[in-house]
Structures are given as C-alpha cells and as structure tokens.
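K.L.:
My structure is below; once you've seen it, I'll send some questions.
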Amino acid sequence: MPKRTRAGVLTALAVVGLTAGAALSAAPAGAAPKTPAPKFLAASELPPHSTGWTADKVKGGIPEEMQYCFGESLLAYTSSYRTFRTDLDTGAEQLNVVVGNSAKAKALATRLDKDVKRCVTRMNAAPDVEADYRSYGSLPVEEGARVHGFATRASWGAMDIHLLSVGRDGGTVTVVQWGQMGDFADAPVKAFKKTTTTAVNKLY
C-alpha cells in the first residue's frame, strides 16, 4: 500500500496513539505447543476492489494496525499475520492466533470481541476524534465468528471506515480487518462476511 494509502486509512487511529512496542511481535517463553500452521486468505478472497489486491508474505507477530485495539490481549499467544494492499485507499490484514485448545480460544475470541467496543470508546475519549460502532452480527462457521464495524472522523476532516471480524476454529482464532477512507455507507458488509466465512473455513 502506498504511503498515502496507509496514512489515509489509519490517520484517526494514529492520532489516538497507535503505538506498541516491538515486544508485541515476539512469542513469549512457554507459548502454546506447536500445531499445524493455520492457512491464510488469498488476495482474491478479499472483498472485490477496482484495482485488485496484493498479498504480502506471512509474518510472525501482530500487525501494527491491530496493536492499538488488541495488543494487550494477544501478548500471551503465538500469532502470525498477512497484510493485503490495493493501489488506492483500501487495505486489510488477517491475524491468526494459535491458542492451543478450544476453551482458551473461545475465551480469547470473546475478549477480542469486547476489545473492539472498548477500542471505539478509547478513540472517542481522544481529542479531535469521533468514533461510532456497529455490530453486524454473528456467522455460523466452524465455532463461530462475529463481525464489527467502526467509523472514525477527525476534526481536520479525515474519515475512515473499518470492518473487523473475530472467528474461531478449534484452538485457533482469526481476526480479519478491512479499512479505507469513507463512512459506513462505503463498507462492503456482505462481501466482508463472505471473506470472514472463507477465512475461518480455510484455517485447517
């Protein structure tokens, strides 16, 4: 994603302190035992975009775009992610977290769902930023998934819209986030739900 694209999608989040230490990217000692590596979405499985999508290589850790909302909840787990880019102002990330067993994965997914709402509240508490949240319900895939949306507006005029989902298959949790400049009217909710369903089904 070009620098102007990244800035466009994440401007409001940066204002409220999108910072986290590099320690978030490292798996701690005593992390969950190894399991088969979960699979990631392909670029073609993202919501359609006029310029198409490009997928980066899978990396270990937590993407910067998710650290502000989820960093503390993910410290104890092994995770990996893939970033997706377009030629315009739209980007996406998928994070896979291998927790180790179904009970712990369920607890983590529940916590991450709550983190989305808490994150929007934190954004609203920041000066010069307003954020609105919408729930787009749950999806009947594997052990379940839930879809969220939030829009941010900065005092200088920047407007960003994000869709985010948390899904689970056994002992693994996946988080998919899509974002671009715009508002709720610009969000491809139906296509994103399809992407989320694919992401969860594809894990194993």
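Ordered as shown in the structure tokens, chains take letters A, B, and onward, while each chain numbers its residues from 1 and ligands are numbered from 1 in the order shown.
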List every residue of region 129-169 of chain A that has an atom at most 10 Å from any atom of region 81-105 of chain A, and for each one report the closest atom pair and its distance in Å to one decimal, counting only C-alpha atoms, with rows sorted by chain and then by increasing residue number, as a Markdown table.

P.N.:
```
| residue | atom | partner | partner_atom | distance |
| --- | --- | --- | --- | --- |
| A:Glu143 | CA | A:Ser102 | CA | 9.1 |
| A:Asp160 | CA | A:Asp89 | CA | 9.8 |
| A:Ile161 | CA | A:Thr90 | CA | 9.8 |
| A:His162 | CA | A:Ala92 | CA | 9.2 |
| A:Leu163 | CA | A:Ala92 | CA | 9.3 |
| A:Leu164 | CA | A:Ala92 | CA | 9.5 |
| A:Ser165 | CA | A:Gln94 | CA | 9.5 |
| A:Val166 | CA | A:Leu95 | CA | 9.5 |
| A:Gly167 | CA | A:Asn96 | CA | 9.6 |
| A:Arg168 | CA | A:Ala105 | CA | 7.0 |
| A:Asp169 | CA | A:Ser102 | CA | 7.9 |
```

K.L.:
Got time to write the residues from that selection, all heavy atoms, as a short mmCIF file (atom, residue, chain, number, x, y, z; two decimals), in the first residue's frame?

P.N.:
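Written output follows (part.cif):
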```cif
data_model
loop_
_atom_site.label_atom_id
_atom_site.label_comp_id
_atom_site.auth_asym_id
_atom_site.auth_seq_id
_atom_site.Cartn_x
_atom_site.Cartn_y
_atom_site.Cartn_z
N GLU A 143 -16.60 -22.81 14.77
CA GLU A 143 -17.07 -22.48 16.12
C GLU A 143 -17.64 -21.07 16.23
O GLU A 143 -17.90 -20.57 17.32
CB GLU A 143 -15.92 -22.64 17.13
CG GLU A 143 -15.73 -24.06 17.61
CD GLU A 143 -15.12 -24.95 16.54
OE1 GLU A 143 -14.03 -24.63 16.04
OE2 GLU A 143 -15.75 -25.96 16.19
N ASP A 160 -12.47 7.53 8.16
CA ASP A 160 -12.09 6.16 7.86
C ASP A 160 -13.18 5.20 8.31
O ASP A 160 -13.83 5.42 9.33
CB ASP A 160 -10.79 5.78 8.57
CG ASP A 160 -9.60 6.58 8.09
OD1 ASP A 160 -9.63 7.03 6.92
OD2 ASP A 160 -8.66 6.78 8.88
N ILE A 161 -13.36 4.13 7.56
CA ILE A 161 -14.32 3.09 7.92
C ILE A 161 -13.59 1.76 8.00
O ILE A 161 -12.73 1.46 7.14
CB ILE A 161 -15.49 3.02 6.90
CG1 ILE A 161 -16.42 1.84 7.24
CG2 ILE A 161 -14.98 2.89 5.47
CD1 ILE A 161 -17.16 2.01 8.53
N HIS A 162 -13.88 0.98 9.02
CA HIS A 162 -13.24 -0.32 9.21
C HIS A 162 -14.28 -1.40 9.46
O HIS A 162 -15.27 -1.17 10.18
CB HIS A 162 -12.30 -0.28 10.42
CG HIS A 162 -11.11 0.61 10.24
ND1 HIS A 162 -9.90 0.16 9.81
CD2 HIS A 162 -10.97 1.94 10.43
CE1 HIS A 162 -9.05 1.16 9.74
NE2 HIS A 162 -9.67 2.25 10.10
N LEU A 163 -14.07 -2.55 8.88
CA LEU A 163 -14.82 -3.76 9.22
C LEU A 163 -13.83 -4.72 9.86
O LEU A 163 -12.69 -4.84 9.41
CB LEU A 163 -15.44 -4.39 7.99
CG LEU A 163 -16.50 -3.56 7.27
CD1 LEU A 163 -16.94 -4.26 5.99
CD2 LEU A 163 -17.70 -3.31 8.18
N LEU A 164 -14.28 -5.42 10.90
CA LEU A 164 -13.39 -6.32 11.62
C LEU A 164 -14.19 -7.53 12.09
O LEU A 164 -15.32 -7.40 12.54
CB LEU A 164 -12.76 -5.60 12.80
CG LEU A 164 -11.66 -6.34 13.55
CD1 LEU A 164 -10.61 -5.36 14.06
CD2 LEU A 164 -12.24 -7.14 14.72
N SER A 165 -13.60 -8.70 11.95
CA SER A 165 -14.28 -9.91 12.40
C SER A 165 -13.35 -10.76 13.24
O SER A 165 -12.13 -10.75 13.06
CB SER A 165 -14.79 -10.73 11.20
OG SER A 165 -13.73 -11.12 10.36
N VAL A 166 -13.94 -11.50 14.18
CA VAL A 166 -13.23 -12.43 15.03
C VAL A 166 -13.89 -13.78 14.86
O VAL A 166 -15.09 -13.93 15.11
CB VAL A 166 -13.28 -12.00 16.51
CG1 VAL A 166 -12.54 -13.02 17.39
CG2 VAL A 166 -12.71 -10.60 16.70
N GLY A 167 -13.12 -14.77 14.41
CA GLY A 167 -13.67 -16.11 14.20
C GLY A 167 -12.81 -17.17 14.85
O GLY A 167 -11.65 -16.93 15.20
N ARG A 168 -13.37 -18.39 14.98
CA ARG A 168 -12.66 -19.42 15.72
C ARG A 168 -12.88 -20.80 15.08
O ARG A 168 -13.99 -21.14 14.66
CB ARG A 168 -13.15 -19.45 17.17
CG ARG A 168 -12.43 -20.41 18.06
CD ARG A 168 -12.80 -20.16 19.52
NE ARG A 168 -14.19 -20.42 19.80
CZ ARG A 168 -14.67 -21.61 20.19
NH1 ARG A 168 -13.84 -22.65 20.32
NH2 ARG A 168 -15.94 -21.76 20.46
N ASP A 169 -11.80 -21.56 15.02
CA ASP A 169 -11.85 -22.96 14.60
C ASP A 169 -10.98 -23.75 15.57
O ASP A 169 -9.75 -23.64 15.55
CB ASP A 169 -11.35 -23.13 13.16
CG ASP A 169 -11.45 -24.57 12.68
OD1 ASP A 169 -11.95 -25.42 13.43
OD2 ASP A 169 -11.03 -24.84 11.54
#
```

K.L.:
Please provide the set of residues having any atom within 9 Å of Thr198 (chain A), restricted to only C-alpha atoms, with same-chain residues fewer than 3 positions apart removed, written as a list in words.

P.N.:
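Within the cut-off, the hits are Leu41, Glu45, Val141, Lys193, Lys194, Thr195, Asn201, Lys202 and Leu203 of chain A.
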
K.L.:
Limited to N, CA, C and O atoms, could you put the picked residues into a file as a short mmCIF file (atom, residue, chain, number, x, y, z; two decimals), in the first residue's frame?

P.N.:
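Now in again.cif:
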```
data_model
loop_
_atom_site.label_atom_id
_atom_site.label_comp_id
_atom_site.auth_asym_id
_atom_site.auth_seq_id
_atom_site.Cartn_x
_atom_site.Cartn_y
_atom_site.Cartn_z
N LEU A 41 -6.00 -16.25 4.10
CA LEU A 41 -6.73 -15.84 2.91
C LEU A 41 -5.78 -15.57 1.75
O LEU A 41 -4.64 -15.17 1.95
N GLU A 45 -9.65 -13.52 -2.24
CA GLU A 45 -10.75 -13.82 -1.33
C GLU A 45 -11.16 -12.62 -0.48
O GLU A 45 -12.04 -12.72 0.36
N VAL A 141 -20.11 -20.32 11.14
CA VAL A 141 -18.99 -21.00 10.50
C VAL A 141 -18.09 -21.60 11.58
O VAL A 141 -17.73 -20.91 12.54
N LYS A 193 -18.45 -10.34 5.07
CA LYS A 193 -18.93 -11.54 5.76
C LYS A 193 -18.53 -12.80 5.00
O LYS A 193 -18.16 -13.81 5.60
N LYS A 194 -18.59 -12.74 3.68
CA LYS A 194 -18.15 -13.87 2.87
C LYS A 194 -16.66 -14.12 3.07
O LYS A 194 -16.21 -15.28 3.20
N THR A 195 -15.88 -13.05 3.11
CA THR A 195 -14.44 -13.17 3.35
C THR A 195 -14.17 -13.79 4.71
O THR A 195 -13.30 -14.67 4.86
N ASN A 201 -13.13 -21.00 7.60
CA ASN A 201 -13.15 -22.33 6.98
C ASN A 201 -11.77 -22.77 6.50
O ASN A 201 -11.44 -23.96 6.48
N LYS A 202 -10.97 -21.81 6.11
CA LYS A 202 -9.68 -22.10 5.48
C LYS A 202 -8.56 -22.37 6.49
O LYS A 202 -7.49 -22.86 6.12
N LEU A 203 -8.78 -22.08 7.75
CA LEU A 203 -7.73 -22.20 8.74
C LEU A 203 -7.09 -23.59 8.73
O LEU A 203 -5.87 -23.74 8.74
#
```

K.L.:
Please indicate the distance in Å from CA of Leu139 (chain A) to CA of Pro38 (chain A), rounded to one decimal place.

P.N.:
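About the pair CA of Leu139 (chain A) and CA of Pro38 (chain A): they are 19.6 Å apart.
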
K.L.:
As a PDB file with all heavy atoms, in the first residue's frame, please: the residues near Phe70 (chain A) (cut-off 9 Å, only C-alpha atoms, same-chain neighbours under 3 positions excluded).

P.N.:
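Final output, saved to selection25.pdb:
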```
ATOM      1  N   ILE A  62       2.134  -9.379  15.417  1.00  0.00           N
ATOM      2  CA  ILE A  62       0.839  -8.698  15.345  1.00  0.00           C
ATOM      3  C   ILE A  62       0.980  -7.499  14.423  1.00  0.00           C
ATOM      4  O   ILE A  62       1.917  -6.708  14.579  1.00  0.00           O
ATOM      5  CB  ILE A  62       0.402  -8.202  16.738  1.00  0.00           C
ATOM      6  CG1 ILE A  62       0.405  -9.351  17.750  1.00  0.00           C
ATOM      7  CG2 ILE A  62      -0.991  -7.568  16.676  1.00  0.00           C
ATOM      8  CD1 ILE A  62       0.271  -8.890  19.185  1.00  0.00           C
ATOM      9  N   MET A  66      -3.470  -3.566  14.267  1.00  0.00           N
ATOM     10  CA  MET A  66      -4.270  -4.222  15.301  1.00  0.00           C
ATOM     11  C   MET A  66      -3.714  -4.041  16.700  1.00  0.00           C
ATOM     12  O   MET A  66      -4.371  -4.399  17.679  1.00  0.00           O
ATOM     13  CB  MET A  66      -4.399  -5.717  14.994  1.00  0.00           C
ATOM     14  CG  MET A  66      -5.184  -6.031  13.732  1.00  0.00           C
ATOM     15  SD  MET A  66      -5.420  -7.819  13.543  1.00  0.00           S
ATOM     16  CE  MET A  66      -6.174  -7.895  11.911  1.00  0.00           C
ATOM     17  N   GLN A  67      -2.530  -3.490  16.835  1.00  0.00           N
ATOM     18  CA  GLN A  67      -1.899  -3.393  18.142  1.00  0.00           C
ATOM     19  C   GLN A  67      -2.639  -2.444  19.072  1.00  0.00           C
ATOM     20  O   GLN A  67      -2.725  -2.689  20.282  1.00  0.00           O
ATOM     21  CB  GLN A  67      -0.434  -2.970  17.990  1.00  0.00           C
ATOM     22  CG  GLN A  67       0.436  -4.068  17.414  1.00  0.00           C
ATOM     23  CD  GLN A  67       1.876  -3.641  17.199  1.00  0.00           C
ATOM     24  OE1 GLN A  67       2.252  -2.527  17.560  1.00  0.00           O
ATOM     25  NE2 GLN A  67       2.667  -4.516  16.616  1.00  0.00           N
ATOM     26  N   SER A  73      -4.287  -8.045  24.761  1.00  0.00           N
ATOM     27  CA  SER A  73      -4.984  -9.334  24.805  1.00  0.00           C
ATOM     28  C   SER A  73      -4.196 -10.440  24.125  1.00  0.00           C
ATOM     29  O   SER A  73      -4.430 -11.625  24.387  1.00  0.00           O
ATOM     30  CB  SER A  73      -6.359  -9.211  24.127  1.00  0.00           C
ATOM     31  OG  SER A  73      -7.196  -8.328  24.842  1.00  0.00           O
ATOM     32  N   LEU A  74      -3.261 -10.080  23.246  1.00  0.00           N
ATOM     33  CA  LEU A  74      -2.564 -11.067  22.437  1.00  0.00           C
ATOM     34  C   LEU A  74      -1.139 -11.364  22.899  1.00  0.00           C
ATOM     35  O   LEU A  74      -0.445 -12.181  22.297  1.00  0.00           O
ATOM     36  CB  LEU A  74      -2.528 -10.598  20.981  1.00  0.00           C
ATOM     37  CG  LEU A  74      -3.893 -10.476  20.307  1.00  0.00           C
ATOM     38  CD1 LEU A  74      -3.762  -9.793  18.946  1.00  0.00           C
ATOM     39  CD2 LEU A  74      -4.553 -11.827  20.158  1.00  0.00           C
ATOM     40  N   LEU A  75      -0.706 -10.733  23.975  1.00  0.00           N
ATOM     41  CA  LEU A  75       0.682 -10.873  24.420  1.00  0.00           C
ATOM     42  C   LEU A  75       1.072 -12.311  24.730  1.00  0.00           C
ATOM     43  O   LEU A  75       2.224 -12.698  24.532  1.00  0.00           O
ATOM     44  CB  LEU A  75       0.917 -10.005  25.659  1.00  0.00           C
ATOM     45  CG  LEU A  75       1.176  -8.520  25.406  1.00  0.00           C
ATOM     46  CD1 LEU A  75       1.206  -7.771  26.721  1.00  0.00           C
ATOM     47  CD2 LEU A  75       2.487  -8.321  24.660  1.00  0.00           C
ATOM     48  N   LEU A 112     -11.580 -10.560  22.501  1.00  0.00           N
ATOM     49  CA  LEU A 112     -11.304  -9.701  21.354  1.00  0.00           C
ATOM     50  C   LEU A 112     -12.569  -8.998  20.864  1.00  0.00           C
ATOM     51  O   LEU A 112     -12.530  -7.828  20.457  1.00  0.00           O
ATOM     52  CB  LEU A 112     -10.678 -10.515  20.224  1.00  0.00           C
ATOM     53  CG  LEU A 112      -9.295 -11.107  20.517  1.00  0.00           C
ATOM     54  CD1 LEU A 112      -8.807 -11.917  19.322  1.00  0.00           C
ATOM     55  CD2 LEU A 112      -8.288 -10.021  20.868  1.00  0.00           C
ATOM     56  N   ASP A 115     -12.972  -6.240  23.073  1.00  0.00           N
ATOM     57  CA  ASP A 115     -11.919  -5.242  22.838  1.00  0.00           C
ATOM     58  C   ASP A 115     -12.304  -4.260  21.737  1.00  0.00           C
ATOM     59  O   ASP A 115     -11.901  -3.087  21.782  1.00  0.00           O
ATOM     60  CB  ASP A 115     -10.615  -5.936  22.440  1.00  0.00           C
ATOM     61  CG  ASP A 115      -9.837  -6.461  23.634  1.00  0.00           C
ATOM     62  OD1 ASP A 115     -10.183  -6.115  24.779  1.00  0.00           O
ATOM     63  OD2 ASP A 115      -8.876  -7.231  23.406  1.00  0.00           O
ATOM     64  N   VAL A 116     -13.029  -4.735  20.732  1.00  0.00           N
ATOM     65  CA  VAL A 116     -13.425  -3.833  19.640  1.00  0.00           C
ATOM     66  C   VAL A 116     -14.252  -2.679  20.197  1.00  0.00           C
ATOM     67  O   VAL A 116     -13.989  -1.500  19.907  1.00  0.00           O
ATOM     68  CB  VAL A 116     -14.221  -4.585  18.559  1.00  0.00           C
ATOM     69  CG1 VAL A 116     -14.618  -3.613  17.449  1.00  0.00           C
ATOM     70  CG2 VAL A 116     -13.416  -5.731  17.971  1.00  0.00           C
ATOM     71  N   CYS A 119     -12.198  -0.410  22.312  1.00  0.00           N
ATOM     72  CA  CYS A 119     -11.300   0.387  21.479  1.00  0.00           C
ATOM     73  C   CYS A 119     -12.011   1.625  20.937  1.00  0.00           C
ATOM     74  O   CYS A 119     -11.451   2.718  20.917  1.00  0.00           O
ATOM     75  CB  CYS A 119     -10.772  -0.476  20.340  1.00  0.00           C
ATOM     76  SG  CYS A 119      -9.425   0.269  19.412  1.00  0.00           S
TER      77      CYS A 119
END
```

K.L.:
Need the shell around Lys114 (chain A): protein/DNA/RNA residues with any atom at most 12 Å away, counting only C-alpha atoms. Skip same-chain ones fewer than 3 positions apart. Format as a list of chain:residue names?

P.N.:
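Within the cut-off, the hits are A:Cys69, A:Phe70, A:Ser73, A:Ala107, A:Leu108, A:Ala109, A:Thr110, A:Arg111, A:Lys117, A:Arg118, A:Cys119, A:Val120, A:Thr121, A:Tyr133, A:Ser135, A:Arg146, A:Val147, A:His148, A:Ser165, A:Val166.
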
K.L.:
When you draw a straight line from CA of Ala125 (chain A) to CA of Gly182 (chain A), how long is it in Å?

P.N.:
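Between these atoms lies a distance of 21.0 Å.
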